[in-house]
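Following: one structure in structure tokens, then a few remarks.
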Amino acid sequence: LNTYWENVRALYAPFESGQLSGSSDVYEHEIPGGQYTNLLFQSKQLGLTEKWPEIKTKYAEANIILGDIPKVTPSSKVVGDLAQFMVAQNLDADSILDQADKLAFPDSVIEYLKGDIGVPPGGFPEPLRTKVLTSRGIKPVEGRPGAFLADYDFDKEREALGEKYGAQNINEKDLLSYALYPKVFEEWKEFEAVYGAVGNLPTHVFLNPMKVGSEVEVKVAEGKMMIVKLVSIQDAEDDGTRMVIFEVDGEQWYMPVTDLSDEGAGAKREKAKGDNDVGSPMTGVVVGLKVKAGDEVKEGETVATLSAMKMETSIPATSSGIIKRVVVNVGDKVDGDDLLMEIE
């Protein structure tokens with residue numbers, strides 16, 4: 001039995017957080033146990049590994065800034081997002097309040113202050129809430145959001161999803177998934193359209209790339225298996241594509257793929273320096289651009305959206321004027337203070 005569980009533990013090694021001991025400082029930062037390892041993983045993905053102790057300290061500070069709230073899903077995420085934002089931007093409680101009308105807060109923080117997840121027991125923190133919402137032209141939610149939530153028309157949404165993805169591709173589980181998490185569902189369908197039914201792949205193949213010469217069995221239907229072997233990976237072309245050659249049941253398949261692993265290698269992005277430069281508040285991926293060169297914007301207006309490990313941030317215009325140039329595209333990876341666009 002010991003041998004069995006030792007092997008099981010090794011199989012799930014990719015999911016290990018790296019937390020190898022207890023954490024008695026939980027009495028100081030009050031990070032919920034379920035969030036602790038998630039936050040640790042997020043900090044690594046955001047390039048803040050060395051600042052993990054500071055993130056824990058800022059978590060406690062962020063909690064007080066937000067009103068010392070009960071930390072459960074989703075309120076604990078709000079505190080964690082603000083803590084990581086503060087570390088990435090080198091901010092403290094005073095600077096958060098002083099710059100509340102200009103900072104590119106994570107969307108979860110703005111939604112919390114708006115009242116989208118309810119009213120905290122001690123009320124909303126003021127004047128922080130007023131400064132954040134007023135500067136963005138956001139009207140606060142009065143009372144419990146669920147009290148005036150409109151009925152959900154499942155039949156109407158099922159029909160709309162059927163028209164978009166094909167009625168045969170939408171079941172009860174898909175409909176409920178869309179009702180609860182519409183954006184995540186749409187992202188999944190886009191992923192599925194490109195990569196197919198990855199649920200048939202063995203977990204270790206999905207998580208870790210195959211090596212040249214390795215072979216794996218894939219169950220494609222009940223009683224039907226395919227033997228897939230990675231034969232070779234060709235050199236990258238000028239456009240970033242590589243030809244990957246597989247053998248599927250002995251037959252060679254040639255698959256052109258876009259290699260993003262070396263994207264931007266050696267390239268240096270411009271950094272935001274002046275008041276008219278809109279920069280990235282932290283490491284992440286550009287998932288939305290709201291403007292283009294020549295558009296007129298007002299200070300505080302959302303001009304781009306950044307995503308970093310489930311934390312989305314709306315990037316506001318740093319000043320009023322005309323967009324002179326946009327130097328990123330949707331899908332680009334950026335670091336903190338990288339220039340996104342310039343306003344004149």
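Each chain of the structure tokens is named A, B, ... in the order shown, its residues numbered from 1; ligands are numbered from 1 in display order.
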Please provide as a compact mmCIF listing (two decimals) with N, CA and C atoms, in the first residue's frame all residues within 7 Å of stretch 133-149 of chain A, with the sequence filter that same-chain residues fewer than 4 positions apart are discarded (counting only C-alpha atoms).
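Final output, saved to out-v4.txt:
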# COMPACT_ATOMS: atom_id res chain seq x y z
N ASP A 101 -7.73 57.36 -7.58
CA ASP A 101 -8.44 57.79 -8.79
C ASP A 101 -7.66 57.50 -10.07
N LYS A 114 -17.66 48.37 -5.92
CA LYS A 114 -18.94 48.72 -6.55
C LYS A 114 -20.10 48.08 -5.79
N GLY A 115 -19.85 46.90 -5.22
CA GLY A 115 -20.90 46.20 -4.49
C GLY A 115 -21.40 44.96 -5.19
N ASP A 116 -20.67 44.50 -6.20
CA ASP A 116 -21.11 43.35 -7.00
C ASP A 116 -21.15 42.04 -6.21
N GLY A 118 -21.76 42.01 -2.83
CA GLY A 118 -22.48 42.25 -1.58
C GLY A 118 -21.85 43.33 -0.73
N VAL A 119 -22.47 43.58 0.40
CA VAL A 119 -22.01 44.62 1.32
C VAL A 119 -21.26 43.97 2.48
N ARG A 129 -13.66 53.98 -1.49
CA ARG A 129 -14.70 53.55 -2.42
C ARG A 129 -15.17 54.70 -3.30
N GLY A 300 -8.65 58.25 -17.08
CA GLY A 300 -9.40 57.29 -16.29
C GLY A 300 -10.21 56.31 -17.12
N GLU A 301 -10.39 56.60 -18.42
CA GLU A 301 -11.15 55.70 -19.30
C GLU A 301 -10.34 54.42 -19.55
Residues within 10 Å of stretch 232-239 of chain A, only C-alpha atoms, excluding chain neighbours under 3 positions, as an NGL selection string: :A and (211-213 or 229 or 242-247 or 254-259)
Spatial neighbours of stretch 152-167 of chain A, 10 Å, only C-alpha atoms, chain gap at least 2 places, as a PyMOL selection string: chain A and resi 149-150+169-172+174-176+178-179+186+189+193
Using only all heavy atoms, please write the residues we just selected to a file, as an mmCIF file, in the first residue's frame.
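again_4.cif, written as the output of this step:
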data_model
loop_
_atom_site.group_PDB
_atom_site.id
_atom_site.type_symbol
_atom_site.label_atom_id
_atom_site.label_comp_id
_atom_site.auth_asym_id
_atom_site.auth_seq_id
_atom_site.Cartn_x
_atom_site.Cartn_y
_atom_site.Cartn_z
ATOM 1 N N LEU A 149 -31.651 40.698 -9.231
ATOM 2 C CA LEU A 149 -31.114 39.989 -10.380
ATOM 3 C C LEU A 149 -32.263 39.442 -11.226
ATOM 4 O O LEU A 149 -33.171 38.779 -10.711
ATOM 5 C CB LEU A 149 -30.218 38.841 -9.921
ATOM 6 C CG LEU A 149 -29.417 38.101 -10.993
ATOM 7 C CD1 LEU A 149 -28.370 39.043 -11.603
ATOM 8 C CD2 LEU A 149 -28.721 36.889 -10.391
ATOM 9 N N ALA A 150 -32.239 39.714 -12.511
ATOM 10 C CA ALA A 150 -33.309 39.263 -13.402
ATOM 11 C C ALA A 150 -33.274 37.747 -13.561
ATOM 12 O O ALA A 150 -32.225 37.115 -13.417
ATOM 13 C CB ALA A 150 -33.156 39.932 -14.769
ATOM 14 N N ASN A 169 -23.637 20.386 -30.151
ATOM 15 C CA ASN A 169 -22.454 20.540 -29.289
ATOM 16 C C ASN A 169 -22.776 21.167 -27.938
ATOM 17 O O ASN A 169 -21.864 21.449 -27.159
ATOM 18 C CB ASN A 169 -21.405 21.402 -30.004
ATOM 19 C CG ASN A 169 -20.918 20.773 -31.292
ATOM 20 O OD1 ASN A 169 -20.706 19.556 -31.346
ATOM 21 N ND2 ASN A 169 -20.738 21.571 -32.330
ATOM 22 N N ILE A 170 -24.047 21.407 -27.656
ATOM 23 C CA ILE A 170 -24.449 22.047 -26.405
ATOM 24 C C ILE A 170 -25.361 21.112 -25.612
ATOM 25 O O ILE A 170 -26.437 20.720 -26.078
ATOM 26 C CB ILE A 170 -25.187 23.378 -26.668
ATOM 27 C CG1 ILE A 170 -24.283 24.346 -27.443
ATOM 28 C CG2 ILE A 170 -25.639 24.001 -25.360
ATOM 29 C CD1 ILE A 170 -23.007 24.722 -26.714
ATOM 30 N N ASN A 171 -24.921 20.740 -24.405
ATOM 31 C CA ASN A 171 -25.745 19.915 -23.525
ATOM 32 C C ASN A 171 -26.075 20.697 -22.256
ATOM 33 O O ASN A 171 -25.751 21.883 -22.134
ATOM 34 C CB ASN A 171 -25.042 18.591 -23.194
ATOM 35 C CG ASN A 171 -23.650 18.815 -22.608
ATOM 36 O OD1 ASN A 171 -23.403 19.810 -21.917
ATOM 37 N ND2 ASN A 171 -22.729 17.886 -22.858
ATOM 38 N N GLU A 172 -26.722 20.023 -21.312
ATOM 39 C CA GLU A 172 -27.136 20.708 -20.072
ATOM 40 C C GLU A 172 -25.930 21.244 -19.301
ATOM 41 O O GLU A 172 -25.974 22.330 -18.725
ATOM 42 C CB GLU A 172 -27.920 19.737 -19.189
ATOM 43 C CG GLU A 172 -29.274 19.317 -19.761
ATOM 44 C CD GLU A 172 -30.240 20.494 -19.866
ATOM 45 O OE1 GLU A 172 -30.163 21.392 -19.013
ATOM 46 O OE2 GLU A 172 -31.056 20.503 -20.800
ATOM 47 N N ASP A 174 -23.050 22.221 -20.550
ATOM 48 C CA ASP A 174 -22.534 23.397 -21.241
ATOM 49 C C ASP A 174 -23.391 24.628 -20.937
ATOM 50 O O ASP A 174 -22.878 25.715 -20.699
ATOM 51 C CB ASP A 174 -22.512 23.158 -22.757
ATOM 52 C CG ASP A 174 -21.542 22.073 -23.170
ATOM 53 O OD1 ASP A 174 -20.468 21.989 -22.548
ATOM 54 O OD2 ASP A 174 -21.854 21.309 -24.091
ATOM 55 N N LEU A 175 -24.701 24.439 -20.960
ATOM 56 C CA LEU A 175 -25.617 25.552 -20.703
ATOM 57 C C LEU A 175 -25.418 26.114 -19.307
ATOM 58 O O LEU A 175 -25.357 27.338 -19.111
ATOM 59 C CB LEU A 175 -27.061 25.077 -20.887
ATOM 60 C CG LEU A 175 -28.161 26.122 -20.654
ATOM 61 C CD1 LEU A 175 -27.997 27.295 -21.612
ATOM 62 C CD2 LEU A 175 -29.538 25.490 -20.813
ATOM 63 N N LEU A 176 -25.292 25.233 -18.323
ATOM 64 C CA LEU A 176 -25.094 25.685 -16.946
ATOM 65 C C LEU A 176 -23.726 26.342 -16.781
ATOM 66 O O LEU A 176 -23.592 27.349 -16.075
ATOM 67 C CB LEU A 176 -25.225 24.497 -15.984
ATOM 68 C CG LEU A 176 -25.170 24.827 -14.485
ATOM 69 C CD1 LEU A 176 -26.258 25.829 -14.123
ATOM 70 C CD2 LEU A 176 -25.312 23.562 -13.658
ATOM 71 N N TYR A 178 -22.102 27.997 -19.046
ATOM 72 C CA TYR A 178 -22.190 29.331 -19.647
ATOM 73 C C TYR A 178 -22.958 30.294 -18.749
ATOM 74 O O TYR A 178 -22.604 31.463 -18.628
ATOM 75 C CB TYR A 178 -22.858 29.247 -21.018
ATOM 76 C CG TYR A 178 -23.008 30.585 -21.692
ATOM 77 C CD1 TYR A 178 -21.915 31.202 -22.286
ATOM 78 C CD2 TYR A 178 -24.238 31.242 -21.723
ATOM 79 C CE1 TYR A 178 -22.039 32.444 -22.897
ATOM 80 C CE2 TYR A 178 -24.373 32.475 -22.323
ATOM 81 C CZ TYR A 178 -23.270 33.069 -22.905
ATOM 82 O OH TYR A 178 -23.385 34.312 -23.501
ATOM 83 N N ALA A 179 -24.015 29.786 -18.110
ATOM 84 C CA ALA A 179 -24.807 30.637 -17.221
ATOM 85 C C ALA A 179 -23.982 31.137 -16.041
ATOM 86 O O ALA A 179 -24.113 32.286 -15.611
ATOM 87 C CB ALA A 179 -26.037 29.866 -16.727
ATOM 88 N N GLU A 186 -16.700 30.667 -23.086
ATOM 89 C CA GLU A 186 -16.358 31.096 -24.440
ATOM 90 C C GLU A 186 -14.880 30.874 -24.721
ATOM 91 O O GLU A 186 -14.496 30.459 -25.821
ATOM 92 C CB GLU A 186 -16.726 32.570 -24.629
ATOM 93 C CG GLU A 186 -18.235 32.808 -24.670
ATOM 94 C CD GLU A 186 -18.589 34.276 -24.728
ATOM 95 O OE1 GLU A 186 -17.688 35.107 -24.478
ATOM 96 O OE2 GLU A 186 -19.761 34.600 -25.015
ATOM 97 N N LYS A 189 -14.400 27.180 -25.435
ATOM 98 C CA LYS A 189 -14.861 26.782 -26.761
ATOM 99 C C LYS A 189 -13.865 27.223 -27.837
ATOM 100 O O LYS A 189 -13.662 26.521 -28.838
ATOM 101 C CB LYS A 189 -16.249 27.358 -27.049
ATOM 102 C CG LYS A 189 -17.356 26.852 -26.126
ATOM 103 C CD LYS A 189 -17.490 25.346 -26.168
ATOM 104 C CE LYS A 189 -18.133 24.835 -27.445
ATOM 105 N NZ LYS A 189 -18.379 23.373 -27.387
ATOM 106 N N ALA A 193 -11.891 24.637 -30.204
ATOM 107 C CA ALA A 193 -11.940 24.742 -31.658
ATOM 108 C C ALA A 193 -10.557 24.599 -32.279
ATOM 109 O O ALA A 193 -10.403 24.092 -33.391
ATOM 110 C CB ALA A 193 -12.562 26.081 -32.058
#
Contact table stretch 99-161 of chain A vs stretch 308-323 of chain A, cut-off 12 Å, shortest pair per residue, only C-alpha atoms, as JSON lines:
{"residue": "A:Gln99", "atom": "CA", "partner": "A:Thr318", "partner_atom": "CA", "distance": 11.8}
{"residue": "A:Ala100", "atom": "CA", "partner": "A:Pro316", "partner_atom": "CA", "distance": 11.8}
{"residue": "A:Asp101", "atom": "CA", "partner": "A:Pro316", "partner_atom": "CA", "distance": 9.8}
{"residue": "A:Lys102", "atom": "CA", "partner": "A:Thr318", "partner_atom": "CA", "distance": 7.1}
{"residue": "A:Leu103", "atom": "CA", "partner": "A:Pro316", "partner_atom": "CA", "distance": 7.8}
{"residue": "A:Ala104", "atom": "CA", "partner": "A:Ile315", "partner_atom": "CA", "distance": 5.2}
{"residue": "A:Phe105", "atom": "CA", "partner": "A:Thr313", "partner_atom": "CA", "distance": 6.2}
{"residue": "A:Pro106", "atom": "CA", "partner": "A:Thr313", "partner_atom": "CA", "distance": 4.2}
{"residue": "A:Asp107", "atom": "CA", "partner": "A:Thr313", "partner_atom": "CA", "distance": 5.0}
{"residue": "A:Ser108", "atom": "CA", "partner": "A:Glu312", "partner_atom": "CA", "distance": 7.4}
{"residue": "A:Val109", "atom": "CA", "partner": "A:Thr313", "partner_atom": "CA", "distance": 9.3}
{"residue": "A:Ile110", "atom": "CA", "partner": "A:Thr313", "partner_atom": "CA", "distance": 9.4}
{"residue": "A:Glu111", "atom": "CA", "partner": "A:Thr313", "partner_atom": "CA", "distance": 11.1}
{"residue": "A:Val132", "atom": "CA", "partner": "A:Pro316", "partner_atom": "CA", "distance": 11.8}
{"residue": "A:Ser135", "atom": "CA", "partner": "A:Pro316", "partner_atom": "CA", "distance": 10.4}
{"residue": "A:Arg136", "atom": "CA", "partner": "A:Pro316", "partner_atom": "CA", "distance": 8.8}
Could those selected residues go to a file with all heavy atoms, as a tab-separated table (two decimals), in the first residue's frame?
chain	number	residue	atom	x	y	z
A	99	GLN	N	-3.70	57.73	-4.51
A	99	GLN	CA	-3.73	57.56	-5.96
A	99	GLN	C	-4.92	56.72	-6.43
A	99	GLN	O	-4.93	56.22	-7.55
A	99	GLN	CB	-2.43	56.89	-6.43
A	99	GLN	CG	-1.16	57.61	-6.01
A	99	GLN	CD	0.09	56.81	-6.35
A	99	GLN	OE1	0.22	56.29	-7.45
A	99	GLN	NE2	1.01	56.72	-5.41
A	100	ALA	N	-5.93	56.61	-5.59
A	100	ALA	CA	-7.07	55.74	-5.89
A	100	ALA	C	-7.78	56.10	-7.18
A	100	ALA	O	-8.37	55.24	-7.83
A	100	ALA	CB	-8.07	55.77	-4.73
A	101	ASP	N	-7.73	57.36	-7.58
A	101	ASP	CA	-8.44	57.79	-8.79
A	101	ASP	C	-7.66	57.50	-10.07
A	101	ASP	O	-8.20	57.63	-11.17
A	101	ASP	CB	-8.77	59.28	-8.72
A	101	ASP	CG	-7.55	60.14	-8.45
A	101	ASP	OD1	-6.53	59.60	-7.96
A	101	ASP	OD2	-7.59	61.35	-8.73
A	102	LYS	N	-6.39	57.08	-9.94
A	102	LYS	CA	-5.56	56.88	-11.12
A	102	LYS	C	-4.99	55.47	-11.25
A	102	LYS	O	-4.62	55.05	-12.34
A	102	LYS	CB	-4.40	57.88	-11.12
A	102	LYS	CG	-4.84	59.34	-11.24
A	102	LYS	CD	-3.63	60.26	-11.28
A	102	LYS	CE	-4.07	61.73	-11.42
A	102	LYS	NZ	-2.90	62.65	-11.46
A	103	LEU	N	-4.90	54.74	-10.16
A	103	LEU	CA	-4.28	53.41	-10.19
A	103	LEU	C	-5.10	52.41	-10.99
A	103	LEU	O	-6.33	52.45	-10.97
A	103	LEU	CB	-4.09	52.89	-8.76
A	103	LEU	CG	-3.01	53.56	-7.93
A	103	LEU	CD1	-3.09	53.06	-6.48
A	103	LEU	CD2	-1.63	53.29	-8.51
A	104	ALA	N	-4.41	51.51	-11.69
A	104	ALA	CA	-5.08	50.46	-12.48
A	104	ALA	C	-5.36	49.26	-11.59
A	104	ALA	O	-4.73	48.21	-11.69
A	104	ALA	CB	-4.20	50.06	-13.66
A	105	PHE	N	-6.34	49.41	-10.70
A	105	PHE	CA	-6.67	48.34	-9.77
A	105	PHE	C	-7.15	47.09	-10.51
A	105	PHE	O	-7.76	47.18	-11.58
A	105	PHE	CB	-7.78	48.79	-8.82
A	105	PHE	CG	-7.36	49.78	-7.78
A	105	PHE	CD1	-7.81	51.10	-7.84
A	105	PHE	CD2	-6.53	49.41	-6.74
A	105	PHE	CE1	-7.43	52.03	-6.89
A	105	PHE	CE2	-6.15	50.33	-5.77
A	105	PHE	CZ	-6.59	51.64	-5.85
A	106	PRO	N	-6.91	45.90	-9.95
A	106	PRO	CA	-7.51	44.68	-10.52
A	106	PRO	C	-9.02	44.82	-10.57
A	106	PRO	O	-9.63	45.46	-9.71
A	106	PRO	CB	-7.08	43.59	-9.52
A	106	PRO	CG	-5.82	44.12	-8.90
A	106	PRO	CD	-6.02	45.60	-8.81
A	107	ASP	N	-9.64	44.25	-11.59
A	107	ASP	CA	-11.09	44.37	-11.76
A	107	ASP	C	-11.85	43.85	-10.55
A	107	ASP	O	-12.92	44.38	-10.19
A	107	ASP	CB	-11.53	43.59	-13.01
A	107	ASP	CG	-11.15	44.32	-14.29
A	107	ASP	OD1	-10.63	45.44	-14.21
A	107	ASP	OD2	-11.36	43.74	-15.38
A	108	SER	N	-11.30	42.81	-9.90
A	108	SER	CA	-11.99	42.24	-8.74
A	108	SER	C	-12.13	43.26	-7.61
A	108	SER	O	-13.13	43.27	-6.89
A	108	SER	CB	-11.24	41.00	-8.23
A	108	SER	OG	-9.93	41.34	-7.79
A	109	VAL	N	-11.13	44.12	-7.46
A	109	VAL	CA	-11.17	45.15	-6.42
A	109	VAL	C	-12.23	46.19	-6.74
A	109	VAL	O	-13.01	46.61	-5.87
A	109	VAL	CB	-9.78	45.82	-6.27
A	109	VAL	CG1	-9.85	46.99	-5.29
A	109	VAL	CG2	-8.74	44.81	-5.82
A	110	ILE	N	-12.30	46.61	-8.00
A	110	ILE	CA	-13.29	47.61	-8.41
A	110	ILE	C	-14.70	47.03	-8.27
A	110	ILE	O	-15.63	47.71	-7.80
A	110	ILE	CB	-13.02	48.06	-9.86
A	110	ILE	CG1	-11.67	48.78	-9.92
A	110	ILE	CG2	-14.14	48.97	-10.35
A	110	ILE	CD1	-11.24	49.19	-11.32
A	111	GLU	N	-14.87	45.76	-8.66
A	111	GLU	CA	-16.19	45.12	-8.55
A	111	GLU	C	-16.62	44.99	-7.09
A	111	GLU	O	-17.80	45.16	-6.76
A	111	GLU	CB	-16.15	43.75	-9.22
A	111	GLU	CG	-16.04	43.84	-10.75
A	111	GLU	CD	-15.64	42.52	-11.38
A	111	GLU	OE1	-15.44	41.54	-10.61
A	111	GLU	OE2	-15.51	42.46	-12.62
A	132	VAL	N	-12.51	55.73	-5.96
A	132	VAL	CA	-12.35	54.75	-7.04
A	132	VAL	C	-13.53	54.79	-8.00
A	132	VAL	O	-13.36	54.84	-9.23
A	132	VAL	CB	-12.18	53.33	-6.46
A	132	VAL	CG1	-12.27	52.28	-7.58
A	132	VAL	CG2	-10.85	53.20	-5.74
A	135	SER	N	-14.10	58.44	-9.91
A	135	SER	CA	-13.10	58.72	-10.94
A	135	SER	C	-13.34	57.90	-12.20
A	135	SER	O	-12.90	58.27	-13.29
A	135	SER	CB	-11.69	58.46	-10.42
A	135	SER	OG	-11.54	57.10	-10.06
A	136	ARG	N	-14.05	56.79	-12.05
A	136	ARG	CA	-14.31	55.90	-13.20
A	136	ARG	C	-15.75	56.01	-13.70
A	136	ARG	O	-16.15	55.29	-14.61
A	136	ARG	CB	-14.00	54.46	-12.81
A	136	ARG	CG	-12.51	54.22	-12.60
A	136	ARG	CD	-12.23	52.95	-11.82
A	136	ARG	NE	-10.81	52.65	-11.75
A	136	ARG	CZ	-9.96	53.25	-10.92
A	136	ARG	NH1	-10.40	54.20	-10.11
A	136	ARG	NH2	-8.69	52.93	-10.92
Which of stretch 168-332 of chain A fall in strand (DSSP E or B), as a PyMOL selection string: chain A and resi 215-221+224-233+241-248+251-258+271+277-279+284-289+296-297+302-308+311-316+321-326
For the residues selected in the previous step, produce a file with C-alpha atoms as a compact mmCIF listing (two decimals), in the first residue's frame.
# COMPACT_ATOMS: atom_id res chain seq x y z
CA GLU A 215 5.07 7.06 -27.60
CA VAL A 216 1.65 7.13 -25.99
CA GLU A 217 -1.69 5.36 -26.32
CA VAL A 218 -4.75 7.59 -26.72
CA LYS A 219 -8.31 6.33 -26.25
CA VAL A 220 -10.43 8.01 -28.93
CA ALA A 221 -13.61 5.96 -28.42
CA LYS A 224 -10.62 2.17 -29.98
CA MET A 225 -7.02 3.15 -29.17
CA MET A 226 -4.46 5.06 -31.22
CA ILE A 227 -0.71 4.81 -30.77
CA VAL A 228 0.91 8.23 -31.20
CA LYS A 229 4.68 8.70 -31.48
CA LEU A 230 6.53 12.02 -31.69
CA VAL A 231 9.05 11.55 -34.51
CA SER A 232 10.71 14.96 -34.82
CA ILE A 233 10.38 18.72 -34.33
CA THR A 241 6.04 28.06 -37.21
CA ARG A 242 7.58 24.62 -36.78
CA MET A 243 6.70 21.38 -38.53
CA VAL A 244 6.05 18.66 -35.95
CA ILE A 245 6.00 15.10 -37.27
CA PHE A 246 4.02 12.33 -35.54
CA GLU A 247 3.37 8.71 -36.30
CA VAL A 248 -0.26 7.76 -35.67
CA GLU A 251 1.22 6.61 -40.45
CA GLN A 252 3.17 9.90 -40.48
CA TRP A 253 1.24 13.08 -39.74
CA TYR A 254 2.76 16.52 -40.40
CA MET A 255 1.46 19.26 -38.08
CA PRO A 256 2.52 22.92 -38.49
CA VAL A 257 2.40 24.71 -35.12
CA THR A 258 3.23 28.22 -33.91
CA LYS A 271 9.10 51.28 -20.77
CA ASP A 277 2.57 56.86 -21.35
CA VAL A 278 0.19 54.03 -20.44
CA GLY A 279 2.18 51.20 -18.90
CA GLY A 284 0.63 39.52 -17.68
CA VAL A 285 -0.98 39.04 -21.07
CA VAL A 286 -2.86 41.71 -23.02
CA VAL A 287 -6.38 40.30 -23.48
CA GLY A 288 -8.18 43.39 -24.71
CA LEU A 289 -7.52 46.70 -26.45
CA GLU A 296 -9.77 60.38 -28.29
CA VAL A 297 -9.74 59.30 -24.65
CA THR A 302 -10.33 52.01 -19.79
CA VAL A 303 -7.99 51.59 -22.78
CA ALA A 304 -6.77 48.00 -22.33
CA THR A 305 -7.28 44.85 -20.28
CA LEU A 306 -4.51 42.74 -18.79
CA SER A 307 -4.81 39.19 -17.47
CA ALA A 308 -2.40 37.63 -15.02
CA MET A 311 -6.56 38.35 -12.18
CA GLU A 312 -7.89 40.78 -14.78
CA THR A 313 -6.99 44.45 -14.65
CA SER A 314 -8.58 47.31 -16.58
CA ILE A 315 -5.85 49.75 -17.60
CA PRO A 316 -7.00 53.41 -17.47
CA GLY A 321 -5.92 63.34 -25.33
CA ILE A 322 -5.46 61.45 -28.58
CA ILE A 323 -3.93 57.97 -28.80
CA LYS A 324 -0.64 58.56 -30.63
CA ARG A 325 0.35 54.90 -30.95
CA VAL A 326 -0.44 51.47 -29.57
Nearest-residue call for A:Glu126, choices A:Ile343, A:Lys56, A:Gly67, A:Gln89, using only C-alpha atoms: A:Gly67
Name the residues in contact with A:Leu11 at a cut-off of 12 Å, using only C-alpha atoms, excluding same-chain residues fewer than 5 positions from it; report them as a tab-separated table (two decimals) with all heavy atoms, in the first residue's frame.
chain	number	residue	atom	x	y	z
A	4	TYR	N	2.13	1.95	-3.44
A	4	TYR	CA	1.07	2.49	-4.30
A	4	TYR	C	0.93	4.00	-4.12
A	4	TYR	O	0.92	4.76	-5.09
A	4	TYR	CB	-0.27	1.80	-3.98
A	4	TYR	CG	-1.45	2.46	-4.65
A	4	TYR	CD1	-1.73	2.22	-5.99
A	4	TYR	CD2	-2.28	3.34	-3.94
A	4	TYR	CE1	-2.81	2.83	-6.62
A	4	TYR	CE2	-3.36	3.96	-4.56
A	4	TYR	CZ	-3.62	3.70	-5.90
A	4	TYR	OH	-4.68	4.33	-6.51
A	5	TRP	N	0.84	4.43	-2.84
A	5	TRP	CA	0.63	5.86	-2.60
A	5	TRP	C	1.88	6.68	-2.93
A	5	TRP	O	1.78	7.86	-3.31
A	5	TRP	CB	0.20	6.10	-1.15
A	5	TRP	CG	-1.24	5.73	-0.93
A	5	TRP	CD1	-1.71	4.73	-0.14
A	5	TRP	CD2	-2.38	6.34	-1.54
A	5	TRP	NE1	-3.08	4.67	-0.20
A	5	TRP	CE2	-3.53	5.65	-1.05
A	5	TRP	CE3	-2.57	7.38	-2.42
A	5	TRP	CZ2	-4.82	5.98	-1.44
A	5	TRP	CZ3	-3.86	7.72	-2.82
A	5	TRP	CH2	-4.96	7.02	-2.33
A	6	GLU	N	3.06	6.10	-2.80
A	6	GLU	CA	4.28	6.80	-3.21
A	6	GLU	C	4.24	7.07	-4.72
A	6	GLU	O	4.64	8.14	-5.18
A	6	GLU	CB	5.50	5.96	-2.85
A	6	GLU	CG	5.83	5.97	-1.36
A	6	GLU	CD	6.95	5.01	-1.02
A	6	GLU	OE1	7.44	4.31	-1.93
A	6	GLU	OE2	7.34	4.95	0.16
A	16	GLU	N	2.02	20.00	-7.27
A	16	GLU	CA	2.57	20.40	-5.97
A	16	GLU	C	2.83	21.90	-5.95
A	16	GLU	O	3.28	22.49	-6.94
A	16	GLU	CB	3.87	19.65	-5.70
A	16	GLU	CG	3.70	18.15	-5.50
A	16	GLU	CD	3.20	17.81	-4.10
A	16	GLU	OE1	3.05	18.73	-3.29
A	16	GLU	OE2	2.97	16.62	-3.85
A	202	PRO	N	-4.06	11.49	-22.12
A	202	PRO	CA	-3.64	11.17	-20.76
A	202	PRO	C	-3.17	12.44	-20.06
A	202	PRO	O	-2.59	13.33	-20.69
A	202	PRO	CB	-2.48	10.18	-20.97
A	202	PRO	CG	-2.70	9.62	-22.34
A	202	PRO	CD	-3.32	10.72	-23.14
A	203	THR	N	-3.43	12.54	-18.77
A	203	THR	CA	-3.11	13.77	-18.03
A	203	THR	C	-1.65	14.17	-18.16
A	203	THR	O	-1.34	15.35	-18.38
A	203	THR	CB	-3.47	13.58	-16.54
A	203	THR	OG1	-4.85	13.27	-16.43
A	203	THR	CG2	-3.19	14.86	-15.77
A	204	HIS	N	-0.74	13.19	-18.06
A	204	HIS	CA	0.69	13.55	-18.08
A	204	HIS	C	1.10	14.09	-19.45
A	204	HIS	O	2.01	14.91	-19.55
A	204	HIS	CB	1.55	12.34	-17.69
A	204	HIS	CG	1.60	11.25	-18.72
A	204	HIS	ND1	0.61	10.31	-18.85
A	204	HIS	CD2	2.52	10.96	-19.67
A	204	HIS	CE1	0.90	9.47	-19.83
A	204	HIS	NE2	2.06	9.84	-20.35
A	205	VAL	N	0.42	13.69	-20.52
A	205	VAL	CA	0.74	14.20	-21.86
A	205	VAL	C	0.22	15.63	-22.02
A	205	VAL	O	0.87	16.47	-22.64
A	205	VAL	CB	0.14	13.28	-22.95
A	205	VAL	CG1	0.37	13.88	-24.35
A	205	VAL	CG2	0.75	11.90	-22.86
A	207	LEU	N	-0.13	17.81	-19.57
A	207	LEU	CA	0.64	18.72	-18.71
A	207	LEU	C	2.09	18.87	-19.15
A	207	LEU	O	2.68	19.94	-18.99
A	207	LEU	CB	0.60	18.22	-17.26
A	207	LEU	CG	-0.76	18.26	-16.57
A	207	LEU	CD1	-0.68	17.62	-15.20
A	207	LEU	CD2	-1.26	19.70	-16.44
A	208	ASN	N	2.67	17.81	-19.69
A	208	ASN	CA	4.10	17.83	-20.04
A	208	ASN	C	4.29	17.45	-21.50
A	208	ASN	O	3.75	16.43	-21.94
A	208	ASN	CB	4.88	16.85	-19.16
A	208	ASN	CG	4.74	17.18	-17.69
A	208	ASN	OD1	5.12	18.26	-17.25
A	208	ASN	ND2	4.20	16.25	-16.92
From A:Leu340, A:Ala197, A:Leu40, A:Leu82, residue lying nearest A:Ile96 [only C-alpha atoms]: A:Leu82
Residues of stretch 36-167 of chain A in alpha helix (DSSP H), written as JSON, numbers by chain: {"A": [36, 37, 38, 39, 40, 41, 42, 43, 44, 45, 52, 53, 54, 55, 56, 57, 58, 59, 60, 61, 62, 63, 64, 65, 75, 76, 77, 78, 79, 80, 81, 82, 83, 84, 85, 86, 87, 88, 89, 93, 94, 95, 96, 97, 98, 107, 108, 109, 110, 111, 112, 113, 114, 128, 129, 130, 131, 132, 133, 134, 135, 136, 154, 155, 156, 157, 158, 159, 160, 161, 162, 163, 164, 165]}
